[in-house]
Amino acid sequence: MIYIISNSKGGVGKTQTSVNLACLLHAQERNFKIIELDNNNDSLIFKNSDFLTTDRAISFKLDKKDSAVSDMLFDVMSDDTLDYIVDIGGGDDEQKVLDVLLPVQLPKTYLIPTLKIKKYLQNALVTYEYINDPENIFFVLNQYNKLENIKTEFRYFFGDKDMGIKPVSPVFKNAKTIYMPYSDLFQIAEDDEQTIYDLAAISKNVTEAEARKMSFDLAAGDREKFGILLTQYNNSLEAQKLFQEMTKSTEALFQE
């Protein structure tokens with residue numbers, strides 16, 4: 001499968017969606033690569049990731065889009081178990097990249113990340129209409145706070161009769177959707193050049209008592225370092241919960 005992450009509007013979470021998707025595929029033990037096509041591409045830097053290594057996460061300038069797509073096709077045709085994630089940068093060049101990808105006769109799923117603000121939903125609709133492949137498009141409702149409140153948080157997507165709010169477009173009524181949560185843990189992981197999956201993995205199979213002992217030994221008498229290590233363990237426990245929620249909120253993507 002080729003997963004194409006696209007929206008001409010910047011700041012809606014395209015790269016975060018791409019990286020989160022990579023984490024989800026890795027958790028399913030699927031084989032994948034992720035490429036970023038963007039003239040401001042410096043996002044796929046995860047030096048401390050155990051799985052999102054430089055041979056799996058590659059950035060290209062937009063003038064290299066044709067060769068990047070050619071490389072992708074060669075890889076996919078060489079290995080039919082390989083999934084590809086294509087993260088397209090925003091701006092006017094989005095359609096130029098889509099023009100290269102749309103004719104590709106291979107299974108494709110398009111993900112259009114968007115925020116809850118009306119103007120962002122309107123912009124996502126432009127990308128949706130340009131792709132014009134409803135059966136293979138998912139809107140990614142990004143940065144929700146509580147999954148159980150998704151319809152009230154994204155009123156301009158679902159509509160809200162009580163508030164007199166209609167959906168930005170009737171298209172949204174039958175559109176396929178997945179959801180990505182908001183959490184500072186994504187930034188915490190990124191600051192350490194990790195993914196949320198790597199952060200979650202730190203505390204797997206480690207009890208609180210074991211974590212305290214390990215932190216104490218590694219701190220070697222340094223109180224501040226001891227506190228930092230314990231905080232990292234606690235953040236990892238929360239990241240485990242977050243990743244479980246991500247798995248639940250995106251399950252529709254993998255049901256087909």
# chains A, B, ... in the order shown; residues from 1 in each chain; ligands from 1
call {"tool": "residues_around", "arguments": {"residues": "range 179-194 of chain A", "least_positions_apart": "2", "cutoff": "7 Å", "atoms": "only C-alpha atoms", "output": "PDB file with N, CA and C atoms, in the first residue's frame"}}
result
ATOM      1  N   ILE A  45      13.999  13.501  11.283  1.00  0.00           N
ATOM      2  CA  ILE A  45      15.270  13.310  11.978  1.00  0.00           C
ATOM      3  C   ILE A  45      14.985  12.614  13.300  1.00  0.00           C
ATOM      4  N   PHE A  46      15.245  11.320  13.333  1.00  0.00           N
ATOM      5  CA  PHE A  46      14.971  10.525  14.536  1.00  0.00           C
ATOM      6  C   PHE A  46      16.204   9.681  14.860  1.00  0.00           C
ATOM      7  N   LYS A  47      17.263  10.368  15.232  1.00  0.00           N
ATOM      8  CA  LYS A  47      18.552   9.702  15.454  1.00  0.00           C
ATOM      9  C   LYS A  47      18.500   8.688  16.591  1.00  0.00           C
ATOM     10  N   ASN A  48      17.559   8.862  17.515  1.00  0.00           N
ATOM     11  CA  ASN A  48      17.470   7.951  18.659  1.00  0.00           C
ATOM     12  C   ASN A  48      16.320   6.958  18.530  1.00  0.00           C
ATOM     13  N   SER A  49      15.793   6.817  17.309  1.00  0.00           N
ATOM     14  CA  SER A  49      14.729   5.845  17.085  1.00  0.00           C
ATOM     15  C   SER A  49      15.333   4.480  16.798  1.00  0.00           C
ATOM     16  N   VAL A 140      -8.071  12.992   8.272  1.00  0.00           N
ATOM     17  CA  VAL A 140      -7.447  12.771   9.578  1.00  0.00           C
ATOM     18  C   VAL A 140      -7.808  13.962  10.460  1.00  0.00           C
ATOM     19  N   LEU A 141      -8.735  13.750  11.387  1.00  0.00           N
ATOM     20  CA  LEU A 141      -9.132  14.823  12.301  1.00  0.00           C
ATOM     21  C   LEU A 141      -8.077  14.895  13.390  1.00  0.00           C
ATOM     22  N   ASN A 142      -7.258  15.909  13.286  1.00  0.00           N
ATOM     23  CA  ASN A 142      -5.998  15.976  14.022  1.00  0.00           C
ATOM     24  C   ASN A 142      -6.115  16.830  15.287  1.00  0.00           C
ATOM     25  N   GLN A 143      -5.407  16.391  16.313  1.00  0.00           N
ATOM     26  CA  GLN A 143      -5.262  17.130  17.575  1.00  0.00           C
ATOM     27  C   GLN A 143      -6.572  17.222  18.366  1.00  0.00           C
ATOM     28  N   TYR A 144      -7.308  16.120  18.411  1.00  0.00           N
ATOM     29  CA  TYR A 144      -8.472  16.104  19.296  1.00  0.00           C
ATOM     30  C   TYR A 144      -8.003  15.934  20.741  1.00  0.00           C
ATOM     31  N   ASN A 145      -8.824  16.340  21.688  1.00  0.00           N
ATOM     32  CA  ASN A 145      -8.485  16.226  23.110  1.00  0.00           C
ATOM     33  C   ASN A 145      -9.048  14.950  23.729  1.00  0.00           C
ATOM     34  N   THR A 177     -12.969   8.551   7.953  1.00  0.00           N
ATOM     35  CA  THR A 177     -12.206   9.357   8.903  1.00  0.00           C
ATOM     36  C   THR A 177     -11.388   8.478   9.849  1.00  0.00           C
ATOM     37  N   ILE A 196       6.929   8.581  19.097  1.00  0.00           N
ATOM     38  CA  ILE A 196       6.118   8.247  20.264  1.00  0.00           C
ATOM     39  C   ILE A 196       6.225   6.751  20.575  1.00  0.00           C
ATOM     40  N   ASP A 198       8.962   4.910  20.184  1.00  0.00           N
ATOM     41  CA  ASP A 198      10.233   4.728  20.900  1.00  0.00           C
ATOM     42  C   ASP A 198      10.104   5.156  22.352  1.00  0.00           C
ATOM     43  N   LEU A 199       9.421   6.283  22.577  1.00  0.00           N
ATOM     44  CA  LEU A 199       9.224   6.752  23.946  1.00  0.00           C
ATOM     45  C   LEU A 199       8.416   5.734  24.746  1.00  0.00           C
ATOM     46  N   ALA A 239       3.098   7.547  27.358  1.00  0.00           N
ATOM     47  CA  ALA A 239       3.192   7.336  25.907  1.00  0.00           C
ATOM     48  C   ALA A 239       2.602   5.990  25.512  1.00  0.00           C
ATOM     49  N   MET A 246      -4.059   5.847  20.033  1.00  0.00           N
ATOM     50  CA  MET A 246      -3.837   6.054  18.598  1.00  0.00           C
ATOM     51  C   MET A 246      -4.242   4.820  17.799  1.00  0.00           C
ATOM     52  N   SER A 249      -8.008   4.827  17.635  1.00  0.00           N
ATOM     53  CA  SER A 249      -8.612   5.924  16.875  1.00  0.00           C
ATOM     54  C   SER A 249      -8.295   5.870  15.383  1.00  0.00           C
ATOM     55  N   THR A 250      -7.382   4.999  14.981  1.00  0.00           N
ATOM     56  CA  THR A 250      -7.029   4.881  13.554  1.00  0.00           C
ATOM     57  C   THR A 250      -7.374   3.496  12.989  1.00  0.00           C
TER      58      THR A 250
END
call {"tool": "closest_atom_pairs", "arguments": {"of": "range 45-119 of chain A", "to": "range 148-166 of chain A", "cutoff": "8 Å", "atoms": "only C-alpha atoms", "output": "JSON lines"}}
result
{"residue": "A:Lys116", "atom": "CA", "partner": "A:Phe154", "partner_atom": "CA", "distance": 5.0}
{"residue": "A:Ile117", "atom": "CA", "partner": "A:Tyr156", "partner_atom": "CA", "distance": 7.4}
{"residue": "A:Lys118", "atom": "CA", "partner": "A:Tyr156", "partner_atom": "CA", "distance": 6.0}
call {"tool": "write_last_selection", "arguments": {"atoms": "C-alpha atoms", "output": "PDB file, in the first residue's frame"}}
result
ATOM      1  CA  LYS A 116     -11.049  21.639  13.710  1.00  0.00           C
ATOM      2  CA  ILE A 117     -11.031  25.285  12.551  1.00  0.00           C
ATOM      3  CA  LYS A 118     -13.449  25.992   9.708  1.00  0.00           C
TER       4      LYS A 118
END
call {"tool": "closest_residue", "arguments": {"among": "A:Met77, A:Asp83, A:Asn7, A:Leu229", "to": "Ile35 in chain A", "atoms": "only C-alpha atoms"}}
result
A:Asp83
call {"tool": "closest_residue", "arguments": {"among": "A:Asn235, A:Val86, A:Val69, A:Phe138", "to": "Glu251 in chain A", "atoms": "only C-alpha atoms"}}
result
A:Phe138
call {"tool": "closest_residue", "arguments": {"among": "A:Glu135, A:Gly10, A:Gln16, A:Lys64", "to": "Lys96 in chain A", "atoms": "only C-alpha atoms"}}
result
A:Lys64
call {"tool": "select_by_dssp", "arguments": {"residues": "range 68-107 of chain A", "states": "strand (DSSP E or B)", "output": "VMD selection string"}}
result
chain A and resid 82 to 88
call {"tool": "write_last_selection", "arguments": {"atoms": "N, CA and C atoms", "output": "mmCIF file, in the first residue's frame"}}
result
data_model
loop_
_atom_site.group_PDB
_atom_site.id
_atom_site.type_symbol
_atom_site.label_atom_id
_atom_site.label_comp_id
_atom_site.auth_asym_id
_atom_site.auth_seq_id
_atom_site.Cartn_x
_atom_site.Cartn_y
_atom_site.Cartn_z
ATOM 1 N N LEU A 82 6.123 -4.372 0.810
ATOM 2 C CA LEU A 82 6.584 -3.061 1.263
ATOM 3 C C LEU A 82 5.471 -2.017 1.184
ATOM 4 N N ASP A 83 5.223 -1.322 2.291
ATOM 5 C CA ASP A 83 4.330 -0.164 2.313
ATOM 6 C C ASP A 83 5.169 1.102 2.183
ATOM 7 N N TYR A 84 4.591 2.117 1.567
ATOM 8 C CA TYR A 84 5.281 3.396 1.413
ATOM 9 C C TYR A 84 4.410 4.511 1.975
ATOM 10 N N ILE A 85 5.016 5.386 2.742
ATOM 11 C CA ILE A 85 4.341 6.589 3.227
ATOM 12 C C ILE A 85 4.973 7.778 2.511
ATOM 13 N N VAL A 86 4.157 8.582 1.837
ATOM 14 C CA VAL A 86 4.650 9.754 1.114
ATOM 15 C C VAL A 86 4.074 10.999 1.781
ATOM 16 N N ASP A 87 4.944 11.789 2.376
ATOM 17 C CA ASP A 87 4.557 13.016 3.072
ATOM 18 C C ASP A 87 4.825 14.190 2.134
ATOM 19 N N ILE A 88 3.743 14.794 1.627
ATOM 20 C CA ILE A 88 3.871 15.892 0.666
ATOM 21 C C ILE A 88 3.835 17.224 1.400
#
call {"tool": "atom_distance", "arguments": {"atom1": "CA of Thr114 in chain A", "atom2": "CA of Lys9 in chain A"}}
result
8.7 Å
call {"tool": "closest_residue", "arguments": {"among": "A:Leu230, A:Phe254, A:Asn20, A:Pro170", "to": "Lys213 in chain A", "atoms": "only C-alpha atoms"}}
result
A:Leu230
call {"tool": "select_by_dssp", "arguments": {"residues": "range 19-127 of chain A", "states": "alpha helix (DSSP H)", "output": "PDB file with C-alpha atoms, in the first residue's frame"}}
result
ATOM      1  CA  VAL A  19       5.412   9.569  11.572  1.00  0.00           C
ATOM      2  CA  ASN A  20       2.475   8.276  13.632  1.00  0.00           C
ATOM      3  CA  LEU A  21       1.440   6.084  10.701  1.00  0.00           C
ATOM      4  CA  ALA A  22       4.982   4.727  10.537  1.00  0.00           C
ATOM      5  CA  CYS A  23       4.740   3.866  14.239  1.00  0.00           C
ATOM      6  CA  LEU A  24       1.448   2.062  13.705  1.00  0.00           C
ATOM      7  CA  LEU A  25       2.818   0.068  10.766  1.00  0.00           C
ATOM      8  CA  HIS A  26       5.911  -0.844  12.781  1.00  0.00           C
ATOM      9  CA  ALA A  27       3.735  -2.050  15.658  1.00  0.00           C
ATOM     10  CA  LYS A  65       9.976  14.354  -6.896  1.00  0.00           C
ATOM     11  CA  ASP A  66      10.156  12.417 -10.169  1.00  0.00           C
ATOM     12  CA  SER A  67      13.226  10.432  -9.167  1.00  0.00           C
ATOM     13  CA  ALA A  68      11.821   9.917  -5.647  1.00  0.00           C
ATOM     14  CA  VAL A  69       8.607   8.455  -7.063  1.00  0.00           C
ATOM     15  CA  SER A  70      10.621   6.343  -9.496  1.00  0.00           C
ATOM     16  CA  ASP A  71      12.667   4.951  -6.593  1.00  0.00           C
ATOM     17  CA  MET A  72       9.470   4.239  -4.684  1.00  0.00           C
ATOM     18  CA  LEU A  73       7.964   2.338  -7.614  1.00  0.00           C
ATOM     19  CA  PHE A  74      11.139   0.304  -8.033  1.00  0.00           C
ATOM     20  CA  ASP A  75      11.120  -0.597  -4.333  1.00  0.00           C
ATOM     21  CA  VAL A  76       7.423  -1.543  -4.324  1.00  0.00           C
ATOM     22  CA  MET A  77       7.763  -3.651  -7.458  1.00  0.00           C
ATOM     23  CA  SER A  78      10.822  -5.362  -5.980  1.00  0.00           C
ATOM     24  CA  GLU A  94       1.299  20.060  -3.479  1.00  0.00           C
ATOM     25  CA  GLN A  95      -0.668  19.615  -6.697  1.00  0.00           C
ATOM     26  CA  LYS A  96       2.522  19.161  -8.735  1.00  0.00           C
ATOM     27  CA  VAL A  97       3.463  16.187  -6.555  1.00  0.00           C
ATOM     28  CA  LEU A  98      -0.071  14.797  -6.644  1.00  0.00           C
ATOM     29  CA  ASP A  99       0.011  15.012 -10.433  1.00  0.00           C
ATOM     30  CA  VAL A 100       2.945  12.594 -10.379  1.00  0.00           C
ATOM     31  CA  LEU A 101       1.326  10.225  -7.870  1.00  0.00           C
ATOM     32  CA  LYS A 118     -13.449  25.992   9.708  1.00  0.00           C
ATOM     33  CA  LYS A 119     -10.890  27.467   7.305  1.00  0.00           C
ATOM     34  CA  TYR A 120      -8.660  24.405   7.681  1.00  0.00           C
ATOM     35  CA  LEU A 121     -11.574  22.114   6.875  1.00  0.00           C
ATOM     36  CA  GLN A 122     -12.318  24.193   3.802  1.00  0.00           C
ATOM     37  CA  ASN A 123      -8.722  23.819   2.704  1.00  0.00           C
ATOM     38  CA  ALA A 124      -8.795  20.053   3.288  1.00  0.00           C
ATOM     39  CA  LEU A 125     -11.849  19.910   1.041  1.00  0.00           C
ATOM     40  CA  VAL A 126      -9.842  21.479  -1.808  1.00  0.00           C
ATOM     41  CA  THR A 127      -7.292  18.653  -1.559  1.00  0.00           C
TER      42      THR A 127
END
call {"tool": "residues_around", "arguments": {"residues": "Ala201 in chain A", "least_positions_apart": "3", "cutoff": "10 Å", "atoms": "only C-alpha atoms", "output": "ChimeraX atom specification"}}
result
/A:50,195-198,204-206,233,236-237,239-240
call {"tool": "write_last_selection", "arguments": {"atoms": "N, CA and C atoms", "output": "compact mmCIF listing (two decimals), in the first residue's frame"}}
result
# COMPACT_ATOMS: atom_id res chain seq x y z
N ASP A 50 14.71 3.45 17.36
CA ASP A 50 15.18 2.09 17.12
C ASP A 50 14.69 1.53 15.78
N THR A 195 10.42 8.81 18.16
CA THR A 195 9.00 8.79 17.87
C THR A 195 8.24 8.45 19.16
N ILE A 196 6.93 8.58 19.10
CA ILE A 196 6.12 8.25 20.26
C ILE A 196 6.23 6.75 20.58
N TYR A 197 6.44 5.92 19.55
CA TYR A 197 6.60 4.49 19.77
C TYR A 197 7.89 4.21 20.54
N ASP A 198 8.96 4.91 20.18
CA ASP A 198 10.23 4.73 20.90
C ASP A 198 10.10 5.16 22.35
N LYS A 204 8.35 -0.49 28.61
CA LYS A 204 7.78 -1.82 28.41
C LYS A 204 8.59 -2.86 29.18
N ASN A 205 7.88 -3.73 29.87
CA ASN A 205 8.49 -4.83 30.63
C ASN A 205 9.43 -4.34 31.73
N VAL A 206 9.23 -3.09 32.18
CA VAL A 206 10.02 -2.54 33.29
C VAL A 206 9.05 -2.07 34.37
N TYR A 233 10.86 7.80 32.44
CA TYR A 233 10.10 6.56 32.64
C TYR A 233 8.61 6.87 32.75
N SER A 236 7.17 7.73 29.51
CA SER A 236 7.04 6.52 28.69
C SER A 236 5.76 5.77 29.03
N LEU A 237 5.42 5.69 30.30
CA LEU A 237 4.17 5.04 30.69
C LEU A 237 2.97 5.75 30.06
N ALA A 239 3.10 7.55 27.36
CA ALA A 239 3.19 7.34 25.91
C ALA A 239 2.60 5.99 25.51
N GLN A 240 2.75 4.99 26.38
CA GLN A 240 2.12 3.69 26.10
C GLN A 240 0.60 3.84 26.00
call {"tool": "atom_distance", "arguments": {"atom1": "CA of Pro113 in chain A", "atom2": "CA of Thr81 in chain A"}}
result
25.6 Å
call {"tool": "decode", "arguments": {"residues": "range 98-127 of chain A", "atoms": "N, CA and C atoms", "output": "PDB file, in the first residue's frame"}}
result
ATOM      1  N   LEU A  98       1.096  15.661  -6.438  1.00  0.00           N
ATOM      2  CA  LEU A  98      -0.071  14.797  -6.644  1.00  0.00           C
ATOM      3  C   LEU A  98      -0.218  14.400  -8.113  1.00  0.00           C
ATOM      4  N   ASP A  99       0.114  15.313  -9.006  1.00  0.00           N
ATOM      5  CA  ASP A  99       0.011  15.012 -10.433  1.00  0.00           C
ATOM      6  C   ASP A  99       0.930  13.865 -10.837  1.00  0.00           C
ATOM      7  N   VAL A 100       2.031  13.710 -10.108  1.00  0.00           N
ATOM      8  CA  VAL A 100       2.945  12.594 -10.379  1.00  0.00           C
ATOM      9  C   VAL A 100       2.404  11.305  -9.776  1.00  0.00           C
ATOM     10  N   LEU A 101       1.761  11.406  -8.607  1.00  0.00           N
ATOM     11  CA  LEU A 101       1.326  10.225  -7.870  1.00  0.00           C
ATOM     12  C   LEU A 101      -0.044   9.694  -8.304  1.00  0.00           C
ATOM     13  N   LEU A 102      -0.936  10.579  -8.686  1.00  0.00           N
ATOM     14  CA  LEU A 102      -2.307  10.158  -9.008  1.00  0.00           C
ATOM     15  C   LEU A 102      -2.376   9.096 -10.111  1.00  0.00           C
ATOM     16  N   PRO A 103      -1.554   9.181 -11.160  1.00  0.00           N
ATOM     17  CA  PRO A 103      -1.669   8.172 -12.222  1.00  0.00           C
ATOM     18  C   PRO A 103      -1.064   6.812 -11.871  1.00  0.00           C
ATOM     19  N   VAL A 104      -0.350   6.724 -10.777  1.00  0.00           N
ATOM     20  CA  VAL A 104       0.323   5.476 -10.422  1.00  0.00           C
ATOM     21  C   VAL A 104      -0.714   4.373 -10.192  1.00  0.00           C
ATOM     22  N   GLN A 105      -0.600   3.291 -10.937  1.00  0.00           N
ATOM     23  CA  GLN A 105      -1.572   2.198 -10.869  1.00  0.00           C
ATOM     24  C   GLN A 105      -1.136   1.156  -9.835  1.00  0.00           C
ATOM     25  N   LEU A 106      -1.164   1.564  -8.591  1.00  0.00           N
ATOM     26  CA  LEU A 106      -0.882   0.692  -7.456  1.00  0.00           C
ATOM     27  C   LEU A 106      -1.864   1.053  -6.344  1.00  0.00           C
ATOM     28  N   PRO A 107      -2.140   0.131  -5.407  1.00  0.00           N
ATOM     29  CA  PRO A 107      -3.059   0.461  -4.305  1.00  0.00           C
ATOM     30  C   PRO A 107      -2.577   1.688  -3.534  1.00  0.00           C
ATOM     31  N   LYS A 108      -3.460   2.672  -3.411  1.00  0.00           N
ATOM     32  CA  LYS A 108      -3.109   3.920  -2.739  1.00  0.00           C
ATOM     33  C   LYS A 108      -4.198   4.304  -1.750  1.00  0.00           C
ATOM     34  N   THR A 109      -3.785   4.849  -0.631  1.00  0.00           N
ATOM     35  CA  THR A 109      -4.698   5.442   0.341  1.00  0.00           C
ATOM     36  C   THR A 109      -4.221   6.862   0.607  1.00  0.00           C
ATOM     37  N   TYR A 110      -5.144   7.813   0.504  1.00  0.00           N
ATOM     38  CA  TYR A 110      -4.807   9.220   0.723  1.00  0.00           C
ATOM     39  C   TYR A 110      -5.281   9.640   2.118  1.00  0.00           C
ATOM     40  N   LEU A 111      -4.417  10.291   2.859  1.00  0.00           N
ATOM     41  CA  LEU A 111      -4.769  10.815   4.172  1.00  0.00           C
ATOM     42  C   LEU A 111      -4.657  12.335   4.131  1.00  0.00           C
ATOM     43  N   ILE A 112      -5.752  13.012   4.490  1.00  0.00           N
ATOM     44  CA  ILE A 112      -5.779  14.470   4.478  1.00  0.00           C
ATOM     45  C   ILE A 112      -5.926  14.967   5.916  1.00  0.00           C
ATOM     46  N   PRO A 113      -4.826  15.333   6.564  1.00  0.00           N
ATOM     47  CA  PRO A 113      -4.926  15.836   7.937  1.00  0.00           C
ATOM     48  C   PRO A 113      -5.567  17.223   7.955  1.00  0.00           C
ATOM     49  N   THR A 114      -6.349  17.477   8.991  1.00  0.00           N
ATOM     50  CA  THR A 114      -6.963  18.787   9.138  1.00  0.00           C
ATOM     51  C   THR A 114      -7.210  19.070  10.614  1.00  0.00           C
ATOM     52  N   LEU A 115      -7.290  20.342  10.936  1.00  0.00           N
ATOM     53  CA  LEU A 115      -7.640  20.764  12.290  1.00  0.00           C
ATOM     54  C   LEU A 115      -9.121  21.122  12.340  1.00  0.00           C
ATOM     55  N   LYS A 116      -9.612  21.436  13.526  1.00  0.00           N
ATOM     56  CA  LYS A 116     -11.049  21.639  13.710  1.00  0.00           C
ATOM     57  C   LYS A 116     -11.556  22.992  13.206  1.00  0.00           C
ATOM     58  N   ILE A 117     -10.636  23.938  12.970  1.00  0.00           N
ATOM     59  CA  ILE A 117     -11.031  25.285  12.551  1.00  0.00           C
ATOM     60  C   ILE A 117     -11.642  25.245  11.150  1.00  0.00           C
ATOM     61  N   LYS A 118     -12.671  26.035  10.946  1.00  0.00           N
ATOM     62  CA  LYS A 118     -13.449  25.992   9.708  1.00  0.00           C
ATOM     63  C   LYS A 118     -12.590  26.200   8.462  1.00  0.00           C
ATOM     64  N   LYS A 119     -11.683  27.169   8.504  1.00  0.00           N
ATOM     65  CA  LYS A 119     -10.890  27.467   7.305  1.00  0.00           C
ATOM     66  C   LYS A 119      -9.953  26.304   6.948  1.00  0.00           C
ATOM     67  N   TYR A 120      -9.512  25.563   7.960  1.00  0.00           N
ATOM     68  CA  TYR A 120      -8.660  24.405   7.681  1.00  0.00           C
ATOM     69  C   TYR A 120      -9.468  23.283   7.030  1.00  0.00           C
ATOM     70  N   LEU A 121     -10.697  23.118   7.482  1.00  0.00           N
ATOM     71  CA  LEU A 121     -11.574  22.114   6.875  1.00  0.00           C
ATOM     72  C   LEU A 121     -11.894  22.468   5.428  1.00  0.00           C
ATOM     73  N   GLN A 122     -12.070  23.752   5.174  1.00  0.00           N
ATOM     74  CA  GLN A 122     -12.318  24.193   3.802  1.00  0.00           C
ATOM     75  C   GLN A 122     -11.111  23.888   2.916  1.00  0.00           C
ATOM     76  N   ASN A 123      -9.930  24.084   3.465  1.00  0.00           N
ATOM     77  CA  ASN A 123      -8.722  23.819   2.704  1.00  0.00           C
ATOM     78  C   ASN A 123      -8.551  22.323   2.447  1.00  0.00           C
ATOM     79  N   ALA A 124      -8.868  21.508   3.462  1.00  0.00           N
ATOM     80  CA  ALA A 124      -8.795  20.053   3.288  1.00  0.00           C
ATOM     81  C   ALA A 124      -9.739  19.596   2.182  1.00  0.00           C
ATOM     82  N   LEU A 125     -10.865  20.253   2.072  1.00  0.00           N
ATOM     83  CA  LEU A 125     -11.849  19.910   1.041  1.00  0.00           C
ATOM     84  C   LEU A 125     -11.280  20.150  -0.361  1.00  0.00           C
ATOM     85  N   VAL A 126     -10.474  21.193  -0.519  1.00  0.00           N
ATOM     86  CA  VAL A 126      -9.842  21.479  -1.808  1.00  0.00           C
ATOM     87  C   VAL A 126      -8.946  20.314  -2.227  1.00  0.00           C
ATOM     88  N   THR A 127      -8.155  19.802  -1.275  1.00  0.00           N
ATOM     89  CA  THR A 127      -7.292  18.653  -1.559  1.00  0.00           C
ATOM     90  C   THR A 127      -8.126  17.429  -1.895  1.00  0.00           C
TER      91      THR A 127
END
